[in-house]
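The next block is query23.cif, given as mmCIF, C-alpha atoms.
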data_entry
loop_
_atom_site.label_atom_id
_atom_site.label_comp_id
_atom_site.auth_asym_id
_atom_site.auth_seq_id
_atom_site.Cartn_x
_atom_site.Cartn_y
_atom_site.Cartn_z
CA MET A 1 0.00 0.00 0.00
CA ARG A 2 1.34 3.44 -0.85
CA GLY A 3 0.91 6.73 0.95
CA ALA A 4 -0.37 10.01 -0.49
CA THR A 5 0.30 13.71 -0.51
CA SER A 6 -2.41 14.04 2.13
CA ILE A 7 -3.76 11.31 4.40
CA VAL A 8 -6.98 11.81 6.35
CA VAL A 9 -7.45 9.49 9.33
CA GLY A 10 -11.10 9.02 10.21
CA GLY A 11 -13.94 8.51 7.76
CA GLY A 12 -16.81 10.13 9.64
CA ILE A 13 -18.54 13.20 8.23
CA VAL A 14 -15.70 15.56 9.24
CA GLY A 15 -12.92 13.46 7.75
CA ALA A 16 -14.90 12.71 4.60
CA ALA A 17 -15.75 16.38 4.02
CA THR A 18 -12.11 17.37 4.54
CA ALA A 19 -10.85 14.68 2.17
CA TRP A 20 -13.28 15.87 -0.50
CA GLU A 21 -12.17 19.47 -0.16
CA LEU A 22 -8.56 18.37 -0.65
CA ALA A 23 -9.40 16.06 -3.54
CA ARG A 24 -11.39 18.66 -5.43
CA ALA A 25 -8.37 20.97 -5.22
CA GLY A 26 -6.41 18.32 -7.10
CA MET A 27 -4.48 16.88 -4.17
CA ASP A 28 -3.59 13.19 -4.00
CA VAL A 29 -5.72 12.05 -1.02
CA LEU A 30 -6.00 8.85 1.00
CA LEU A 31 -8.92 8.55 3.44
CA LEU A 32 -8.66 5.78 6.04
CA ASP A 33 -11.18 4.41 8.52
CA ALA A 34 -10.87 1.53 10.97
CA GLY A 35 -14.37 0.31 10.11
CA ALA A 36 -17.16 1.36 7.79
CA PHE A 37 -17.29 5.00 6.74
CA GLY A 38 -19.52 7.05 9.03
CA ALA A 39 -20.44 4.06 11.18
CA GLN A 40 -19.32 5.42 14.56
CA SER A 41 -20.21 8.83 16.01
CA THR A 42 -21.54 10.13 12.70
CA ALA A 43 -24.13 7.37 12.26
CA LYS A 44 -25.25 7.83 15.87
CA SER A 45 -25.60 11.59 15.63
CA ALA A 46 -29.06 13.09 15.96
CA ALA A 47 -28.02 15.05 12.83
CA ILE A 48 -30.17 18.05 13.73
CA VAL A 49 -29.13 21.02 11.61
CA ARG A 50 -29.62 24.47 13.16
CA CYS A 51 -27.76 27.79 13.32
CA HIS A 52 -28.44 29.05 16.84
CA TYR A 53 -24.95 29.57 18.29
CA SER A 54 -23.34 32.15 20.54
CA ASN A 55 -20.33 33.18 18.45
CA PRO A 56 -20.60 34.89 15.04
CA GLU A 57 -17.89 32.72 13.44
CA VAL A 58 -19.71 29.55 14.44
CA VAL A 59 -23.03 30.95 13.24
CA ARG A 60 -21.48 31.65 9.83
CA MET A 61 -20.05 28.12 9.76
CA ALA A 62 -23.48 26.69 10.60
CA VAL A 63 -25.22 28.73 7.90
CA HIS A 64 -22.60 27.74 5.32
CA SER A 65 -22.81 24.07 6.30
CA ARG A 66 -26.60 24.05 6.18
CA ASP A 67 -26.44 25.48 2.67
CA GLN A 68 -23.92 22.80 1.69
CA PHE A 69 -26.14 20.00 2.99
CA ARG A 70 -29.06 21.38 1.03
CA GLN A 71 -26.96 21.64 -2.13
CA LEU A 72 -25.15 18.30 -1.76
CA PRO A 73 -26.96 16.65 -4.72
CA LEU A 74 -25.69 19.43 -6.98
CA ARG A 75 -22.17 19.44 -5.55
CA LEU A 76 -21.60 15.70 -5.21
CA ASP A 77 -24.08 14.20 -7.70
CA CYS A 78 -25.85 12.29 -4.92
CA ASP A 79 -29.40 11.79 -3.69
CA PRO A 80 -30.82 14.45 -1.32
CA VAL A 81 -29.63 14.08 2.27
CA TYR A 82 -31.29 17.11 3.89
CA THR A 83 -34.82 17.55 5.25
CA ARG A 84 -35.90 21.16 5.63
CA CYS A 85 -38.57 20.90 8.32
CA GLY A 86 -37.57 23.85 10.53
CA TRP A 87 -36.04 23.98 14.01
CA LEU A 88 -37.92 25.26 17.08
CA PHE A 89 -36.17 26.49 20.24
CA LEU A 90 -38.08 26.78 23.54
CA LEU A 91 -36.75 28.92 26.41
CA ASP A 92 -37.67 29.88 29.96
CA ALA A 93 -37.84 33.43 31.34
CA GLU A 94 -34.23 33.44 32.54
CA SER A 95 -32.79 32.50 29.16
CA ALA A 96 -35.19 34.48 26.97
CA PRO A 97 -33.16 37.74 27.01
CA LEU A 98 -30.01 35.80 26.13
CA ALA A 99 -31.76 34.12 23.20
CA LEU A 100 -33.08 37.47 22.00
CA ALA A 101 -29.59 38.96 21.99
CA ASN A 102 -28.26 35.89 20.18
CA ALA A 103 -31.05 36.14 17.64
CA GLU A 104 -30.19 39.73 16.83
CA MET A 105 -26.58 38.74 16.17
CA GLN A 106 -27.61 35.72 14.13
CA GLU A 107 -29.91 37.75 11.90
CA GLN A 108 -26.96 40.02 11.13
CA GLU A 109 -25.07 36.89 10.08
CA GLY A 110 -27.76 35.82 7.65
CA VAL A 111 -29.99 33.51 9.72
CA ASP A 112 -33.70 33.70 8.88
CA LEU A 113 -35.57 33.66 12.22
CA VAL A 114 -39.17 33.82 13.36
CA GLU A 115 -40.19 34.92 16.87
CA VAL A 116 -43.08 32.58 17.62
CA ASP A 117 -46.31 34.05 18.97
CA ASP A 118 -48.74 31.21 18.26
CA LEU A 119 -46.77 28.23 19.60
CA GLU A 120 -49.63 25.79 18.96
CA ALA A 121 -49.28 26.45 15.24
CA TYR A 122 -45.64 25.26 15.34
CA LEU A 123 -45.95 22.50 17.95
CA PRO A 124 -49.50 21.06 18.01
CA GLY A 125 -50.63 19.88 21.42
CA VAL A 126 -47.90 21.72 23.33
CA GLU A 127 -48.21 22.34 27.06
CA GLU A 128 -47.01 25.95 27.26
CA SER A 129 -46.26 26.22 30.97
CA GLY A 130 -42.77 27.53 31.64
CA ILE A 131 -42.20 28.69 28.04
CA ALA A 132 -41.34 32.38 27.97
CA TYR A 133 -39.92 32.66 24.47
CA ALA A 134 -39.69 30.59 21.30
CA LEU A 135 -37.56 30.98 18.18
CA TYR A 136 -38.00 29.20 14.88
CA GLU A 137 -35.50 28.69 12.04
CA PRO A 138 -37.60 27.82 8.97
CA ASP A 139 -34.63 26.76 6.83
CA SER A 140 -33.17 24.33 9.38
CA GLY A 141 -34.09 20.69 10.01
CA PHE A 142 -32.03 17.48 9.94
CA ALA A 143 -29.95 15.35 7.60
CA ASP A 144 -29.24 11.72 6.86
CA ALA A 145 -25.82 11.48 8.50
CA LEU A 146 -24.70 8.21 6.94
CA ALA A 147 -25.90 9.09 3.44
CA ALA A 148 -24.13 12.46 3.60
CA THR A 149 -20.86 10.84 4.70
CA ASN A 150 -20.98 8.20 1.99
CA ALA A 151 -21.77 10.87 -0.61
CA TYR A 152 -18.53 12.64 0.32
CA VAL A 153 -16.59 9.37 0.23
CA ASP A 154 -17.97 8.48 -3.21
CA ALA A 155 -17.10 11.97 -4.43
CA VAL A 156 -13.51 11.60 -3.18
CA ARG A 157 -13.18 8.41 -5.20
CA ALA A 158 -14.77 10.02 -8.26
CA LEU A 159 -12.03 12.67 -8.14
CA GLY A 160 -9.31 10.03 -8.08
CA GLY A 161 -8.75 9.90 -4.33
CA ARG A 162 -8.55 6.64 -2.42
CA ALA A 163 -10.91 5.81 0.45
CA LEU A 164 -10.21 2.61 2.37
CA PRO A 165 -12.57 1.25 5.04
CA SER A 166 -11.55 -1.47 7.51
CA THR A 167 -8.03 -0.03 7.56
CA PRO A 168 -7.14 0.86 11.15
CA VAL A 169 -4.24 3.21 11.76
CA GLU A 170 -1.95 1.74 14.41
CA ALA A 171 0.09 4.88 15.08
CA LEU A 172 1.26 8.19 13.69
CA ALA A 173 4.83 8.13 12.41
CA CYS A 174 6.85 11.15 13.57
CA GLU A 175 10.44 12.18 13.04
CA ALA A 176 11.84 15.06 15.11
CA ASP A 177 9.16 17.78 14.91
CA ARG A 178 7.36 16.47 11.84
CA VAL A 179 4.72 13.88 11.02
CA ARG A 180 5.95 11.51 8.32
CA GLY A 181 2.78 9.45 7.90
CA VAL A 182 0.88 6.61 9.56
CA ARG A 183 1.51 2.96 10.28
CA VAL A 184 -1.04 0.52 8.90
CA GLY A 185 -0.52 -3.23 9.23
CA GLY A 186 3.07 -2.58 10.31
CA GLU A 187 3.73 -0.63 7.12
CA LEU A 188 4.61 3.08 6.93
CA LEU A 189 2.37 5.12 4.63
CA GLU A 190 4.10 8.43 4.05
CA CYS A 191 2.47 11.79 3.41
CA ASP A 192 3.23 15.50 3.35
CA THR A 193 0.13 16.41 5.36
CA LEU A 194 -1.82 14.30 7.84
CA VAL A 195 -5.33 15.27 8.97
CA LEU A 196 -6.35 13.58 12.20
CA ALA A 197 -10.16 13.38 12.25
CA ALA A 198 -10.65 10.16 14.19
CA GLY A 199 -13.31 11.43 16.58
CA PRO A 200 -13.11 9.68 19.97
CA TRP A 201 -9.93 7.88 18.89
CA THR A 202 -8.06 11.11 18.08
CA ARG A 203 -6.80 11.56 21.65
CA ARG A 204 -5.11 8.14 21.72
CA LEU A 205 -3.47 8.48 18.32
CA ALA A 206 -2.22 11.98 19.08
CA GLY A 207 -1.02 10.95 22.54
CA GLU A 208 1.11 8.15 21.15
CA ALA A 209 2.84 10.80 19.03
CA GLY A 210 3.52 12.89 22.14
CA LEU A 211 0.67 15.37 21.61
CA GLU A 212 -1.71 15.70 24.55
CA LEU A 213 -5.20 16.82 23.51
CA PRO A 214 -7.75 18.15 26.04
CA LEU A 215 -10.48 15.72 25.02
CA GLU A 216 -12.93 13.79 27.17
CA ILE A 217 -14.99 10.96 25.67
CA THR A 218 -18.62 10.85 26.78
CA ARG A 219 -21.30 8.23 26.24
CA GLU A 220 -24.44 9.66 24.63
CA GLN A 221 -27.85 8.02 24.22
CA ASP A 222 -30.87 8.53 21.95
CA VAL A 223 -34.23 6.73 21.87
CA VAL A 224 -36.64 6.40 18.94
CA PHE A 225 -40.36 6.34 19.71
CA ALA A 226 -43.31 5.42 17.50
CA THR A 227 -46.13 7.93 18.05
CA ALA A 228 -48.99 6.46 15.92
CA PRO A 229 -51.89 6.98 15.89
CA GLU A 230 -50.71 10.44 17.01
CA ALA A 231 -48.76 12.41 14.43
CA THR A 232 -45.14 13.19 15.14
CA ILE A 233 -43.96 16.79 15.55
CA PRO A 234 -43.55 18.86 12.37
CA SER A 235 -40.04 20.21 13.01
CA SER A 236 -36.83 19.55 14.88
CA LEU A 237 -36.98 20.85 18.43
CA SER A 238 -34.62 21.85 21.24
CA SER A 239 -36.14 22.67 24.60
CA GLN A 240 -33.88 24.57 26.99
CA ILE A 241 -36.63 24.14 29.58
CA ASP A 242 -37.05 20.38 29.33
CA ARG A 243 -33.39 19.67 28.46
CA VAL A 244 -34.27 17.53 25.44
CA TYR A 245 -33.73 17.61 21.70
CA VAL A 246 -36.22 15.96 19.36
CA ARG A 247 -36.63 15.46 15.63
CA PRO A 248 -38.87 13.51 13.29
CA ALA A 249 -37.25 10.16 12.46
CA PRO A 250 -38.73 9.08 9.10
CA GLU A 251 -35.84 6.67 8.56
CA TYR A 252 -37.58 4.42 11.11
CA GLY A 253 -41.00 4.77 9.47
CA GLU A 254 -43.94 7.14 9.52
CA ALA A 255 -44.75 8.84 12.86
CA HIS A 256 -41.44 8.25 14.63
CA LEU A 257 -39.41 10.59 16.84
CA LEU A 258 -35.77 10.58 17.93
CA VAL A 259 -35.24 11.99 21.44
CA GLY A 260 -32.07 12.79 23.39
CA ARG A 261 -31.00 14.79 26.45
CA GLY A 262 -29.32 18.18 26.49
CA PHE A 263 -27.32 20.18 29.02
CA PRO A 264 -27.31 20.18 32.01
CA LYS A 265 -27.09 16.46 32.64
CA GLN A 266 -24.76 13.85 34.08
CA TYR A 267 -21.93 13.10 31.65
CA GLU A 268 -20.45 9.59 31.66
CA LEU A 269 -16.78 9.43 30.68
CA VAL A 270 -15.83 6.22 28.85
CA ASP A 271 -13.10 4.42 26.95
CA PRO A 272 -14.00 4.47 23.23
CA ASP A 273 -12.70 0.92 22.91
CA GLY A 274 -14.96 -0.44 25.65
CA TYR A 275 -18.28 1.09 26.70
CA ASP A 276 -21.88 -0.01 27.22
CA GLU A 277 -23.67 0.22 23.87
CA GLU A 278 -27.12 -0.56 25.33
CA VAL A 279 -29.37 2.35 26.25
CA ASP A 280 -30.15 2.60 29.96
CA ALA A 281 -33.78 1.85 30.93
CA SER A 282 -33.68 4.87 33.24
CA PHE A 283 -32.63 7.10 30.35
CA GLU A 284 -35.46 5.87 28.16
CA GLN A 285 -37.96 6.54 30.93
CA ASP A 286 -36.48 9.97 31.66
CA VAL A 287 -36.65 11.34 28.11
CA ARG A 288 -40.11 9.89 27.64
CA GLU A 289 -41.41 11.63 30.77
CA ARG A 290 -39.82 14.93 29.76
CA LEU A 291 -41.31 14.87 26.28
CA VAL A 292 -44.76 13.72 27.34
CA ALA A 293 -44.93 16.48 29.97
CA ARG A 294 -44.42 18.99 27.17
CA LEU A 295 -46.58 17.12 24.61
CA PRO A 296 -49.25 15.18 26.53
CA ARG A 297 -50.80 13.94 23.28
CA LEU A 298 -47.75 11.65 22.91
CA ALA A 299 -48.47 9.74 26.12
CA GLY A 300 -49.06 6.56 24.11
CA MET A 301 -45.75 6.61 22.23
CA ARG A 302 -43.69 3.41 22.29
CA PRO A 303 -39.91 2.89 22.18
CA VAL A 304 -38.88 1.02 19.05
CA ALA A 305 -35.12 1.64 18.78
CA ALA A 306 -32.21 3.12 20.67
CA ARG A 307 -28.55 3.83 20.12
CA VAL A 308 -25.46 4.87 22.00
CA GLY A 309 -22.70 7.00 20.50
CA LEU A 310 -19.71 9.00 21.68
CA TYR A 311 -18.77 12.66 21.90
CA ASP A 312 -15.15 13.84 21.93
CA VAL A 313 -15.48 16.93 24.11
CA THR A 314 -13.14 19.91 24.47
CA PRO A 315 -13.05 22.22 27.53
CA ASP A 316 -15.06 24.91 25.72
CA TRP A 317 -17.25 22.53 23.68
CA HIS A 318 -15.85 23.81 20.38
CA PRO A 319 -13.70 21.81 17.96
CA ILE A 320 -9.92 21.79 17.66
CA LEU A 321 -9.01 22.53 14.06
CA GLY A 322 -5.98 23.15 11.93
CA ARG A 323 -2.22 22.99 12.26
CA VAL A 324 -0.44 22.29 15.53
CA ASP A 325 2.47 24.48 16.56
CA GLY A 326 5.68 22.48 16.86
CA LEU A 327 4.52 19.45 14.87
CA ASP A 328 4.79 20.13 11.16
CA GLY A 329 2.59 18.26 8.76
CA LEU A 330 -0.24 17.60 11.23
CA SER A 331 -3.69 19.16 11.08
CA LEU A 332 -6.49 18.42 13.53
CA ALA A 333 -10.22 18.11 12.89
CA ALA A 334 -11.38 16.85 16.28
CA GLY A 335 -13.29 17.70 19.43
CA GLY A 336 -16.73 17.84 17.87
CA SER A 337 -18.40 17.98 21.30
CA GLY A 338 -21.70 16.85 19.81
CA HIS A 339 -21.97 19.82 17.43
CA CYS A 340 -19.79 18.99 14.48
CA PHE A 341 -22.11 17.01 12.25
CA LYS A 342 -23.97 20.23 11.50
CA LEU A 343 -20.67 22.12 11.08
CA ALA A 344 -18.83 19.44 9.08
CA PRO A 345 -18.92 21.00 5.60
CA ALA A 346 -17.45 24.23 6.98
CA ILE A 347 -14.88 22.35 9.06
CA GLY A 348 -13.72 20.47 5.98
CA GLU A 349 -13.36 23.73 4.11
CA LEU A 350 -11.48 25.45 6.96
CA VAL A 351 -9.00 22.61 7.55
CA ALA A 352 -8.39 21.98 3.85
CA GLY A 353 -8.23 25.70 3.15
CA GLU A 354 -5.35 26.12 5.61
CA ILE A 355 -3.45 23.22 4.03
CA LEU A 356 -4.02 24.55 0.52
CA GLY A 357 -3.39 28.20 1.35
CA ARG A 358 -6.97 29.07 0.38
CA PRO A 359 -8.70 30.13 3.62
CA PRO A 360 -12.45 30.81 3.39
CA ALA A 361 -13.62 34.30 4.33
CA TYR A 362 -16.40 33.38 6.77
CA ALA A 363 -14.20 32.01 9.59
CA ASP A 364 -10.55 31.80 10.68
CA VAL A 365 -9.31 28.27 11.38
CA ARG A 366 -6.80 29.66 13.91
CA SER A 367 -9.71 30.68 16.14
CA PHE A 368 -10.15 26.94 16.73
CA SER A 369 -6.48 26.04 17.18
CA LEU A 370 -5.25 23.82 19.97
CA GLU A 371 -3.15 26.72 21.24
CA ARG A 372 -6.24 28.74 22.17
CA PHE A 373 -6.48 26.90 25.49
CA ALA A 374 -2.97 27.93 26.57
CA GLU A 375 -3.48 31.45 25.24
CA GLY A 376 -6.79 32.12 27.00
CA ARG A 377 -8.80 32.28 23.77
CA GLU A 378 -11.48 29.74 24.70
CA PHE A 379 -14.92 30.19 23.23
CA ARG A 380 -17.67 31.40 25.54
CA SER A 381 -21.25 30.20 25.16
CA THR A 382 -24.33 32.24 25.94
CA TYR A 383 -26.10 29.49 27.85
CA GLY A 384 -23.10 27.66 29.30
CA GLY A 385 -22.33 23.98 28.98
CA ASN A 386 -22.75 22.51 25.55
CA ARG A 387 -25.34 24.87 24.09
CA ALA A 388 -22.63 26.47 22.00
#
Exercise: express the given structure as C-alpha cells:
Amino acid sequence: MRGATSIVVGGGIVGAATAWELARAGMDVLLLDAGAFGAQSTAKSAAIVRCHYSNPEVVRMAVHSRDQFRQLPLRLDCDPVYTRCGWLFLLDAESAPLALANAEMQEQEGVDLVEVDDLEAYLPGVEESGIAYALYEPDSGFADALAATNAYVDAVRALGGRALPSTPVEALACEADRVRGVRVGGELLECDTLVLAAGPWTRRLAGEAGLELPLEITREQDVVFATAPEATIPSSLSSQIDRVYVRPAPEYGEAHLLVGRGFPKQYELVDPDGYDEEVDASFEQDVRERLVARLPRLAGMRPVAARVGLYDVTPDWHPILGRVDGLDGLSLAAGGSGHCFKLAPAIGELVAGEILGRPPAYADVRSFSLERFAEGREFRSTYGGNRA
C-alpha cells in the first residue's frame, strides 16, 4: 500500500468532508477508517441542523454548512440528504433575554428567524407552561448522516482519491518535529500532510505521538419512539426548559421521533474501545417523561429503537481545528463535542483551506487552534455547557 500527498485518518462526516475538499483541489488524497465510513459517532448523531450559536464565526459556519447539505446533490451528484422541516427552540424566562440577543446577532449573520407568537401552530398539542420565548428557524431541520458521509466518500473516489474502510491506523509516524505518515498493518504510509479526524480515537493516536489533547470521551444516548396513531412533531426541536432535543425520524418509518437529552445532565466518561452500547432503561424513561410532559398527546408513544454514541469533548465545547504548533505536517479536525455534524462541511473547508493556502472568508481556522487553550482564547457560550 502506498501513501499520499495528504492522508486523512477518520472517515466520519468531518474526515470525509475534509478529504473531498482536498481532492477537489487536485491533491492526492488517501482517506482511512478503521471500520465502515460514518459508522461510529456520525451514524449515531441526531443530525439536527440548526444555526443558533453564541459566536458569530460559528453561526457563519453553521449557515454555510446548512447550505452545503441542502446543495449536496448538486455538488456531489448524490441523492438528497437534507430535510428542511424547521427547528424550534423553547426557552424559559431566565434564558429568553439571552436568546433574544443571540437572535439579533444571528440575523446580522444571515440567519432567517421567526419569533413565535402562536406556539400551537408550530408545535401542536404543546403544554405551554414555563415557556417564555420561542424561536423558529424555517430553513433548518435534519440530515441523513450516513448518506451524507458516503456521498462525500464516493465523491472523493470520483475525483481520483482513495478511500479505504476497515483499515485501522496503528500509530502516527513522527520524526523530530514532523509527522511523516501513519503505520497501517506494520507498514509506513508516508504523506506531506496528515489530517487527524478520528473522533473519539483522536486523543489516543495523538497521545502516542507525544501530543496531549484536552479531550474527554462521553457516552451519549438517543431513543426512537413510534407515536402512531398520534402524528409526530412537524419540526426539529430543542427545549432549553425540558433539556431535550427531538426530531422527526422518518428513517424508522412514519410517525417516529428521535429523542435525546441536552445540558445540564450527568456526563459519563468512557473508553472508546470499551463502553456499554445498550441504552439505559432509566434514560429511556427519563426522556419519555420529559417529552410527554411537554406534549401530553404523545403519552401513548412506544420505544422502538435506541442507540449509543460517543462525543469527543473539548473544555469549551468547540472543535480543535488546523495545524499544531511544533509538529509540522499535522492538522487536527477533532473535538466535535456533539456539534460537528452540523458544522462538518465548513470544518472540511477550513481545515483543507489552511493546508491549501486558500482560507475561506467566513471564519478563521486559527480561532479553533489547539493553542487557544494555553493562550486564553477559549470560546464562551451564551447558555453555558454545551449549548454552544
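Remark: for His318 (chain A), the closest of the candidate residues A:Leu215, A:Leu350, A:Ala228, A:Leu146 is A:Leu215 (distances computed over all atoms listed in the file).
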Computed interatomic separation between CA of Tyr53 (chain A) and CA of Glu120 (chain A) (Å): 25.0 Å
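With all atoms listed in the file as the basis for measurement, A:Glu115 is the residue among A:Glu268, A:Asp177, A:Glu170, A:Glu115 that approaches Ala134 (chain A) most closely.
The shortest atom-to-atom distance to Leu257 (chain A), with only C-alpha atoms taken into account, belongs to A:Ala226 out of A:Val279, A:Leu76, A:Ala226, A:Ala299.
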Assuming the chain letters and numbering stay as they are in my file, what does the PyMOL selection byres ((chain A and resi 5) around 8) actually select? List them as a VMD selection string. chain A and resid 3 to 4 6 to 7 27 to 29 190 to 193
Export C-alpha atoms of the chosen residues as a compact mmCIF listing (two decimals), in the coordinates of the input?
# COMPACT_ATOMS: atom_id res chain seq x y z
CA GLY A 3 0.91 6.73 0.95
CA ALA A 4 -0.37 10.01 -0.49
CA SER A 6 -2.41 14.04 2.13
CA ILE A 7 -3.76 11.31 4.40
CA MET A 27 -4.48 16.88 -4.17
CA ASP A 28 -3.59 13.19 -4.00
CA VAL A 29 -5.72 12.05 -1.02
CA GLU A 190 4.10 8.43 4.05
CA CYS A 191 2.47 11.79 3.41
CA ASP A 192 3.23 15.50 3.35
CA THR A 193 0.13 16.41 5.36
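Distances to Asp242 (chain A) were evaluated for A:Glu349, A:Asp67, A:Glu289, A:Asp364 using only C-alpha atoms, and the minimum falls at A:Glu289.
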